file work_22.json (JSON, C-alpha atoms)
[["chain", "number", "residue", "atom", "x", "y", "z"],
["A", 1, "MET", "CA", 105.89, 116.74, 65.80],
["A", 2, "ASN", "CA", 102.27, 117.82, 65.56],
["A", 3, "ILE", "CA", 101.10, 121.41, 64.90],
["A", 4, "LYS", "CA", 100.64, 122.19, 68.59],
["A", 5, "GLN", "CA", 104.20, 121.10, 69.40],
["A", 6, "LEU", "CA", 105.64, 123.00, 66.43],
["A", 7, "ASN", "CA", 103.94, 126.25, 67.50],
["A", 8, "GLU", "CA", 104.92, 125.76, 71.15],
["A", 9, "ASN", "CA", 108.54, 125.20, 70.15],
["A", 10, "PHE", "CA", 108.55, 128.17, 67.78],
["A", 11, "TYR", "CA", 107.13, 130.57, 70.40],
["A", 12, "THR", "CA", 108.76, 129.06, 73.51],
["A", 13, "ASN", "CA", 111.27, 131.89, 74.03],
["A", 14, "LYS", "CA", 108.89, 134.70, 73.09],
["A", 15, "GLU", "CA", 108.30, 137.25, 75.86],
["A", 16, "LEU", "CA", 104.83, 137.80, 77.34],
["A", 17, "VAL", "CA", 102.86, 140.84, 76.20],
["A", 18, "GLY", "CA", 102.42, 143.18, 79.16],
["A", 19, "ASP", "CA", 105.66, 141.98, 80.75],
["A", 20, "ILE", "CA", 108.71, 144.15, 81.36],
["A", 21, "ASN", "CA", 110.70, 142.23, 78.71],
["A", 22, "HIS", "CA", 108.09, 142.80, 75.99],
["A", 23, "CYS", "CA", 105.99, 145.94, 76.37],
["A", 24, "VAL", "CA", 104.41, 147.51, 79.41],
["A", 25, "CYS", "CA", 102.40, 150.26, 77.75],
["A", 26, "THR", "CA", 98.88, 150.63, 79.13],
["A", 27, "ASP", "CA", 97.34, 149.07, 76.00],
["A", 28, "CYS", "CA", 99.49, 145.93, 76.24],
["A", 29, "ILE", "CA", 98.87, 145.55, 79.96],
["A", 30, "PHE", "CA", 95.11, 145.95, 79.45],
["A", 31, "TYR", "CA", 95.18, 143.38, 76.63],
["A", 32, "ALA", "CA", 97.19, 140.90, 78.73],
["A", 33, "GLU", "CA", 94.69, 141.16, 81.58],
["A", 34, "GLN", "CA", 91.55, 141.01, 79.45],
["A", 35, "ILE", "CA", 92.47, 138.34, 76.89],
["A", 36, "MET", "CA", 92.93, 135.69, 79.57],
["A", 37, "LYS", "CA", 89.27, 136.17, 80.61],
["A", 38, "ASN", "CA", 88.08, 134.69, 77.30],
["A", 39, "ALA", "CA", 88.38, 131.04, 78.33],
["A", 40, "ALA", "CA", 87.13, 129.62, 75.02],
["A", 41, "LEU", "CA", 89.68, 131.64, 73.04],
["A", 42, "VAL", "CA", 92.52, 130.71, 75.39],
["A", 43, "LYS", "CA", 91.52, 127.03, 75.17],
["A", 44, "TYR", "CA", 91.48, 127.13, 71.36],
["A", 45, "LEU", "CA", 94.83, 128.93, 71.06],
["A", 46, "THR", "CA", 96.41, 126.58, 73.59],
["A", 47, "SER", "CA", 95.10, 123.60, 71.58],
["A", 48, "ILE", "CA", 97.14, 124.79, 68.58],
["A", 49, "GLY", "CA", 100.20, 125.67, 70.67],
["A", 50, "LEU", "CA", 99.76, 129.45, 70.90],
["A", 51, "ASN", "CA", 99.75, 131.55, 74.04],
["A", 52, "PRO", "CA", 97.60, 134.70, 73.54],
["A", 53, "ARG", "CA", 100.18, 136.65, 75.56],
["A", 54, "LYS", "CA", 103.08, 135.65, 73.29],
["A", 55, "ALA", "CA", 101.81, 137.47, 70.21],
["A", 56, "ASP", "CA", 104.25, 139.15, 67.87],
["A", 57, "GLU", "CA", 102.26, 142.36, 67.81],
["A", 58, "VAL", "CA", 99.38, 143.82, 69.83],
["A", 59, "TRP", "CA", 97.77, 146.96, 68.55],
["A", 60, "CYS", "CA", 94.91, 148.91, 70.12],
["A", 61, "TYR", "CA", 93.72, 150.73, 67.04],
["A", 62, "MET", "CA", 90.57, 152.39, 68.39],
["A", 63, "GLU", "CA", 88.89, 153.44, 71.60],
["A", 64, "ALA", "CA", 85.25, 154.42, 71.25],
["A", 65, "GLU", "CA", 82.09, 154.42, 73.34],
["A", 66, "GLY", "CA", 83.72, 152.60, 76.25],
["A", 67, "PHE", "CA", 85.39, 149.88, 74.18],
["A", 68, "LYS", "CA", 88.99, 149.17, 73.11],
["A", 69, "HIS", "CA", 89.50, 147.48, 69.72],
["A", 70, "TYR", "CA", 92.64, 145.38, 69.19],
["A", 71, "THR", "CA", 94.34, 143.54, 66.38],
["A", 72, "VAL", "CA", 96.75, 140.86, 67.60],
["A", 73, "ASP", "CA", 99.20, 139.16, 65.23],
["A", 74, "PHE", "CA", 101.18, 135.95, 65.25],
["A", 75, "PHE", "CA", 103.27, 136.39, 62.09],
["A", 76, "LYS", "CA", 104.49, 132.79, 61.77],
["A", 77, "VAL", "CA", 102.19, 129.91, 62.66],
["A", 78, "TYR", "CA", 102.10, 126.24, 61.83],
["A", 79, "ALA", "CA", 98.67, 125.12, 60.60],
["A", 80, "ASP", "CA", 97.03, 122.68, 58.18],
["A", 81, "LYS", "CA", 94.48, 125.01, 56.62],
["A", 82, "GLU", "CA", 92.96, 128.46, 56.64],
["A", 83, "GLU", "CA", 90.15, 128.86, 59.16],
["A", 84, "THR", "CA", 88.15, 131.41, 61.13],
["A", 85, "HIS", "CA", 86.53, 131.06, 64.57],
["A", 86, "THR", "CA", 84.61, 133.41, 66.84],
["A", 87, "PHE", "CA", 84.87, 133.22, 70.61],
["A", 88, "GLY", "CA", 82.60, 135.84, 72.20],
["A", 89, "ASN", "CA", 84.41, 139.16, 71.83],
["A", 90, "ALA", "CA", 87.19, 137.73, 69.63],
["A", 91, "LYS", "CA", 87.51, 136.54, 66.04],
["A", 92, "VAL", "CA", 90.51, 134.37, 65.16],
["A", 93, "THR", "CA", 91.63, 134.01, 61.56],
["A", 94, "ILE", "CA", 94.42, 131.74, 60.37],
["A", 95, "TYR", "CA", 95.48, 132.28, 56.78],
["A", 96, "ILE", "CA", 98.37, 131.57, 54.43],
["A", 97, "ASN", "CA", 101.32, 133.93, 54.68],
["A", 98, "ILE", "CA", 102.15, 134.78, 51.07],
["A", 99, "ASN", "CA", 105.60, 136.00, 52.17],
["A", 100, "ALA", "CA", 106.59, 132.85, 54.07],
["A", 101, "VAL", "CA", 109.78, 131.09, 53.07],
["A", 102, "GLU", "CA", 109.86, 127.33, 52.79],
["A", 103, "GLU", "CA", 111.68, 126.51, 56.03],
["A", 104, "MET", "CA", 109.41, 128.72, 58.18],
["A", 105, "PRO", "CA", 105.78, 128.37, 59.27],
["A", 106, "GLN", "CA", 103.46, 129.07, 56.35],
["A", 107, "TYR", "CA", 100.52, 130.72, 58.13],
["A", 108, "ILE", "CA", 99.57, 133.88, 60.06],
["A", 109, "CYS", "CA", 97.12, 134.06, 62.96],
["A", 110, "VAL", "CA", 95.21, 137.30, 63.58],
["A", 111, "ILE", "CA", 92.90, 137.97, 66.50],
["A", 112, "ASP", "CA", 90.44, 140.85, 66.30],
["A", 113, "VAL", "CA", 89.10, 141.50, 69.77],
["A", 114, "VAL", "CA", 87.02, 144.15, 71.51],
["A", 115, "PHE", "CA", 87.15, 144.76, 75.26],
["A", 116, "LYS", "CA", 84.86, 146.90, 77.35],
["A", 117, "LYS", "CA", 86.92, 149.53, 79.14],
["A", 118, "GLU", "CA", 86.82, 149.21, 82.87],
["A", 119, "PHE", "CA", 86.15, 152.44, 84.66],
["A", 120, "ASN", "CA", 87.22, 152.86, 88.27]]
call {"tool": "encode", "arguments": {"input": "work_22.json", "output": "structure tokens"}}
result
Amino acid sequence: MNIKQLNENFYTNKELVGDINHCVCTDCIFYAEQIMKNAALVKYLTSIGLNPRKADEVWCYMEAEGFKHYTVDFFKVYADKEETHTFGNAKVTIYININAVEEMPQYICVIDVVFKKEFN
């Protein structure tokens, strides 16, 4: 299996962020709606077998001046190397998980993303 297939298989049964079976807090729902608007990020994550809505953890750590700042974690990811990419409002970093055990994926993927709050 290639890396994309390994990640897809690993996360296949993971619930969607912003869905009733995961978390429906306002921060998770906002993230789920906004992240899918970043087509380049979604395309990249899909290319490595990750769905941005199947993250292990989504954390809105700051709201300031009309923006919401998030850290999004995939704690176990298959990858070949450490790398960082920027896609508009999002920075993706894949790095070695120093706590990984041999039979599990050896990397972590973190997305730092900032969304403009939508005011009605």
call {"tool": "residues_around", "arguments": {"input": "work_22.json", "residues": "Asn97 (chain A)", "least_positions_apart": "5", "cutoff": "7 Å", "atoms": "all atoms listed in the file", "output": "short mmCIF file (atom, residue, chain, number, x, y, z; two decimals) with C-alpha atoms, in the coordinates of the input"}}
result
data_model
loop_
_atom_site.label_atom_id
_atom_site.label_comp_id
_atom_site.auth_asym_id
_atom_site.auth_seq_id
_atom_site.Cartn_x
_atom_site.Cartn_y
_atom_site.Cartn_z
CA GLN A 106 103.46 129.07 56.35
CA TYR A 107 100.52 130.72 58.13
CA ILE A 108 99.57 133.88 60.06
#
call {"tool": "residues_near_point", "arguments": {"input": "work_22.json", "point": "(103.3, 140.8, 67.7)", "cutoff": "10 Å", "atoms": "only C-alpha atoms", "output": "list in words"}}
result
Lys14, Val17, His22, Arg53, Lys54, Ala55, Asp56, Glu57, Val58, Trp59, Thr71, Val72, Asp73, Phe74, Phe75 and Val110 of chain A
call {"tool": "write_last_selection", "arguments": {"input": "work_22.json", "atoms": "C-alpha atoms", "output": "short mmCIF file (atom, residue, chain, number, x, y, z; two decimals), in the frame of the given file"}}
result
data_model
loop_
_atom_site.label_atom_id
_atom_site.label_comp_id
_atom_site.auth_asym_id
_atom_site.auth_seq_id
_atom_site.Cartn_x
_atom_site.Cartn_y
_atom_site.Cartn_z
CA LYS A 14 108.89 134.70 73.09
CA VAL A 17 102.86 140.84 76.20
CA HIS A 22 108.09 142.80 75.99
CA ARG A 53 100.18 136.65 75.56
CA LYS A 54 103.08 135.65 73.29
CA ALA A 55 101.81 137.47 70.21
CA ASP A 56 104.25 139.15 67.87
CA GLU A 57 102.26 142.36 67.81
CA VAL A 58 99.38 143.82 69.83
CA TRP A 59 97.77 146.96 68.55
CA THR A 71 94.34 143.54 66.38
CA VAL A 72 96.75 140.86 67.60
CA ASP A 73 99.20 139.16 65.23
CA PHE A 74 101.18 135.95 65.25
CA PHE A 75 103.27 136.39 62.09
CA VAL A 110 95.21 137.30 63.58
#
call {"tool": "residues_near_point", "arguments": {"input": "work_22.json", "point": "(106.3, 131.4, 60.0)", "cutoff": "12 Å", "atoms": "only C-alpha atoms", "output": "MDAnalysis selection string"}}
result
chainID A and resid 6:7 10:11 56 73:79 94:109
call {"tool": "residues_around", "arguments": {"input": "work_22.json", "residues": "Asn89 (chain A)", "least_positions_apart": "6", "cutoff": "10 Å", "atoms": "all atoms listed in the file", "output": "short mmCIF file (atom, residue, chain, number, x, y, z; two decimals) with C-alpha atoms, in the frame of the given file"}}
result
data_model
loop_
_atom_site.label_atom_id
_atom_site.label_comp_id
_atom_site.auth_asym_id
_atom_site.auth_seq_id
_atom_site.Cartn_x
_atom_site.Cartn_y
_atom_site.Cartn_z
CA ILE A 35 92.47 138.34 76.89
CA ASN A 38 88.08 134.69 77.30
CA LEU A 41 89.68 131.64 73.04
CA HIS A 69 89.50 147.48 69.72
CA ASP A 112 90.44 140.85 66.30
CA VAL A 113 89.10 141.50 69.77
CA VAL A 114 87.02 144.15 71.51
CA PHE A 115 87.15 144.76 75.26
CA LYS A 116 84.86 146.90 77.35
#
call {"tool": "closest_residue", "arguments": {"input": "work_22.json", "among": "A:Met62, A:Cys28, A:Ile3, A:Ala90", "to": "Thr46 (chain A)", "atoms": "all atoms listed in the file"}}
result
A:Ile3
call {"tool": "atom_distance", "arguments": {"input": "work_22.json", "atom1": "CA of Met36 (chain A)", "atom2": "CA of Gln5 (chain A)"}}
result
21.1 Å
call {"tool": "closest_residue", "arguments": {"input": "work_22.json", "among": "A:Lys68, A:Ile29, A:Asn21, A:Gly49", "to": "Met1 (chain A)", "atoms": "only C-alpha atoms"}}
result
A:Gly49
call {"tool": "atom_distance", "arguments": {"input": "work_22.json", "atom1": "CA of Gly18 (chain A)", "atom2": "CA of Phe30 (chain A)"}}
result
7.8 Å
call {"tool": "closest_residue", "arguments": {"input": "work_22.json", "among": "A:Gln34, A:Lys117, A:Asn13, A:Glu83", "to": "Ala64 (chain A)", "atoms": "all atoms listed in the file"}}
result
A:Lys117
call {"tool": "atom_distance", "arguments": {"input": "work_22.json", "atom1": "CA of Tyr44 (chain A)", "atom2": "CA of Glu15 (chain A)"}}
result
20.1 Å
call {"tool": "closest_residue", "arguments": {"input": "work_22.json", "among": "A:Thr93, A:Tyr31, A:Asn9, A:Lys4", "to": "Ser47 (chain A)", "atoms": "all atoms listed in the file"}}
result
A:Lys4
call {"tool": "closest_residue", "arguments": {"input": "work_22.json", "among": "A:Glu33, A:Leu50, A:Ala40, A:Gly66", "to": "Gly88 (chain A)", "atoms": "all atoms listed in the file"}}
result
A:Ala40
call {"tool": "closest_residue", "arguments": {"input": "work_22.json", "among": "A:Ile111, A:Lys37, A:Asn2, A:Ile20", "to": "Asp80 (chain A)", "atoms": "all atoms listed in the file"}}
result
A:Asn2
call {"tool": "decode", "arguments": {"input": "work_22.json", "residues": "region 68-82 of chain A", "atoms": "all heavy atoms", "output": "short mmCIF file (atom, residue, chain, number, x, y, z; two decimals), in the first residue's frame"}}
result
data_model
loop_
_atom_site.label_atom_id
_atom_site.label_comp_id
_atom_site.auth_asym_id
_atom_site.auth_seq_id
_atom_site.Cartn_x
_atom_site.Cartn_y
_atom_site.Cartn_z
N LYS A 68 -10.45 33.81 13.87
CA LYS A 68 -10.39 32.64 14.75
C LYS A 68 -9.15 31.84 14.36
O LYS A 68 -8.98 31.47 13.20
CB LYS A 68 -11.65 31.78 14.60
CG LYS A 68 -12.91 32.49 15.08
CD LYS A 68 -14.13 31.62 14.94
CE LYS A 68 -14.20 30.71 16.10
NZ LYS A 68 -15.53 30.26 16.48
N HIS A 69 -8.31 31.55 15.34
CA HIS A 69 -7.05 30.83 15.13
C HIS A 69 -7.21 29.40 15.64
O HIS A 69 -7.61 29.19 16.78
CB HIS A 69 -5.92 31.52 15.88
CG HIS A 69 -5.67 32.92 15.44
ND1 HIS A 69 -4.59 33.26 14.68
CD2 HIS A 69 -6.39 34.06 15.63
CE1 HIS A 69 -4.63 34.56 14.44
NE2 HIS A 69 -5.72 35.08 15.00
N TYR A 70 -6.88 28.43 14.78
CA TYR A 70 -7.04 27.01 15.11
C TYR A 70 -5.71 26.26 14.99
O TYR A 70 -4.89 26.57 14.12
CB TYR A 70 -8.00 26.34 14.12
CG TYR A 70 -9.45 26.63 14.34
CD1 TYR A 70 -10.02 27.82 13.87
CD2 TYR A 70 -10.28 25.71 14.96
CE1 TYR A 70 -11.38 28.07 14.03
CE2 TYR A 70 -11.64 25.96 15.13
CZ TYR A 70 -12.18 27.14 14.66
OH TYR A 70 -13.51 27.38 14.83
N THR A 71 -5.57 25.25 15.82
CA THR A 71 -4.58 24.21 15.64
C THR A 71 -5.35 22.91 15.46
O THR A 71 -6.26 22.61 16.24
CB THR A 71 -3.63 24.10 16.84
OG1 THR A 71 -2.86 25.30 16.92
CG2 THR A 71 -2.68 22.93 16.71
N VAL A 72 -4.99 22.16 14.43
CA VAL A 72 -5.69 20.93 14.08
C VAL A 72 -4.64 19.81 14.03
O VAL A 72 -3.61 19.96 13.38
CB VAL A 72 -6.38 21.08 12.70
CG1 VAL A 72 -7.11 19.82 12.31
CG2 VAL A 72 -7.31 22.29 12.71
N ASP A 73 -4.91 18.72 14.75
CA ASP A 73 -3.92 17.65 14.86
C ASP A 73 -4.43 16.32 14.31
O ASP A 73 -5.55 15.91 14.58
CB ASP A 73 -3.56 17.42 16.34
CG ASP A 73 -2.91 18.62 16.96
OD1 ASP A 73 -1.91 19.11 16.41
OD2 ASP A 73 -3.40 19.08 18.01
N PHE A 74 -3.54 15.68 13.57
CA PHE A 74 -3.66 14.27 13.21
C PHE A 74 -2.49 13.61 13.94
O PHE A 74 -1.33 13.83 13.58
CB PHE A 74 -3.52 14.05 11.70
CG PHE A 74 -4.66 14.61 10.89
CD1 PHE A 74 -4.67 15.95 10.52
CD2 PHE A 74 -5.71 13.81 10.48
CE1 PHE A 74 -5.71 16.47 9.77
CE2 PHE A 74 -6.76 14.32 9.74
CZ PHE A 74 -6.76 15.65 9.38
N PHE A 75 -2.76 12.84 14.99
CA PHE A 75 -1.70 12.34 15.85
C PHE A 75 -0.89 11.18 15.27
O PHE A 75 0.23 10.95 15.71
CB PHE A 75 -2.28 11.89 17.20
CG PHE A 75 -2.89 13.02 17.99
CD1 PHE A 75 -4.15 12.90 18.54
CD2 PHE A 75 -2.21 14.20 18.19
CE1 PHE A 75 -4.71 13.92 19.28
CE2 PHE A 75 -2.75 15.24 18.92
CZ PHE A 75 -4.01 15.10 19.48
N LYS A 76 -1.45 10.48 14.32
CA LYS A 76 -0.76 9.33 13.72
C LYS A 76 -0.95 9.38 12.21
O LYS A 76 -2.06 9.21 11.71
CB LYS A 76 -1.33 8.02 14.29
CG LYS A 76 -1.14 7.91 15.78
CD LYS A 76 -1.89 6.73 16.35
CE LYS A 76 -1.75 6.75 17.87
NZ LYS A 76 -2.64 5.81 18.51
N VAL A 77 0.16 9.61 11.51
CA VAL A 77 0.11 9.79 10.06
C VAL A 77 1.25 9.02 9.41
O VAL A 77 2.37 9.03 9.91
CB VAL A 77 0.21 11.29 9.69
CG1 VAL A 77 0.31 11.50 8.21
CG2 VAL A 77 -0.98 12.06 10.25
N TYR A 78 0.93 8.38 8.32
CA TYR A 78 1.98 7.75 7.50
C TYR A 78 2.57 8.81 6.58
O TYR A 78 1.84 9.58 5.95
CB TYR A 78 1.40 6.61 6.66
CG TYR A 78 0.96 5.43 7.48
CD1 TYR A 78 -0.36 5.30 7.91
CD2 TYR A 78 1.87 4.44 7.84
CE1 TYR A 78 -0.77 4.21 8.67
CE2 TYR A 78 1.48 3.34 8.61
CZ TYR A 78 0.15 3.24 9.01
OH TYR A 78 -0.24 2.16 9.78
N ALA A 79 3.90 8.87 6.51
CA ALA A 79 4.60 9.81 5.65
C ALA A 79 6.00 9.29 5.39
O ALA A 79 6.47 8.37 6.07
CB ALA A 79 4.65 11.19 6.30
N ASP A 80 6.67 9.89 4.40
CA ASP A 80 8.05 9.51 4.07
C ASP A 80 9.09 10.42 4.70
O ASP A 80 10.24 10.05 4.86
CB ASP A 80 8.27 9.55 2.55
CG ASP A 80 7.58 8.40 1.85
OD1 ASP A 80 7.45 7.32 2.44
OD2 ASP A 80 7.16 8.60 0.70
N LYS A 81 8.65 11.68 4.99
CA LYS A 81 9.62 12.67 5.46
C LYS A 81 8.89 13.79 6.17
O LYS A 81 7.67 13.94 6.06
CB LYS A 81 10.39 13.25 4.27
CG LYS A 81 9.48 13.97 3.29
CD LYS A 81 10.22 14.48 2.08
CE LYS A 81 9.19 15.14 1.16
NZ LYS A 81 9.71 15.53 -0.07
N GLU A 82 9.65 14.60 6.88
CA GLU A 82 9.10 15.81 7.48
C GLU A 82 8.97 16.87 6.38
O GLU A 82 9.81 16.95 5.49
CB GLU A 82 10.01 16.32 8.59
CG GLU A 82 10.08 15.38 9.77
CD GLU A 82 10.89 15.92 10.92
OE1 GLU A 82 11.98 16.49 10.69
OE2 GLU A 82 10.43 15.78 12.05
#
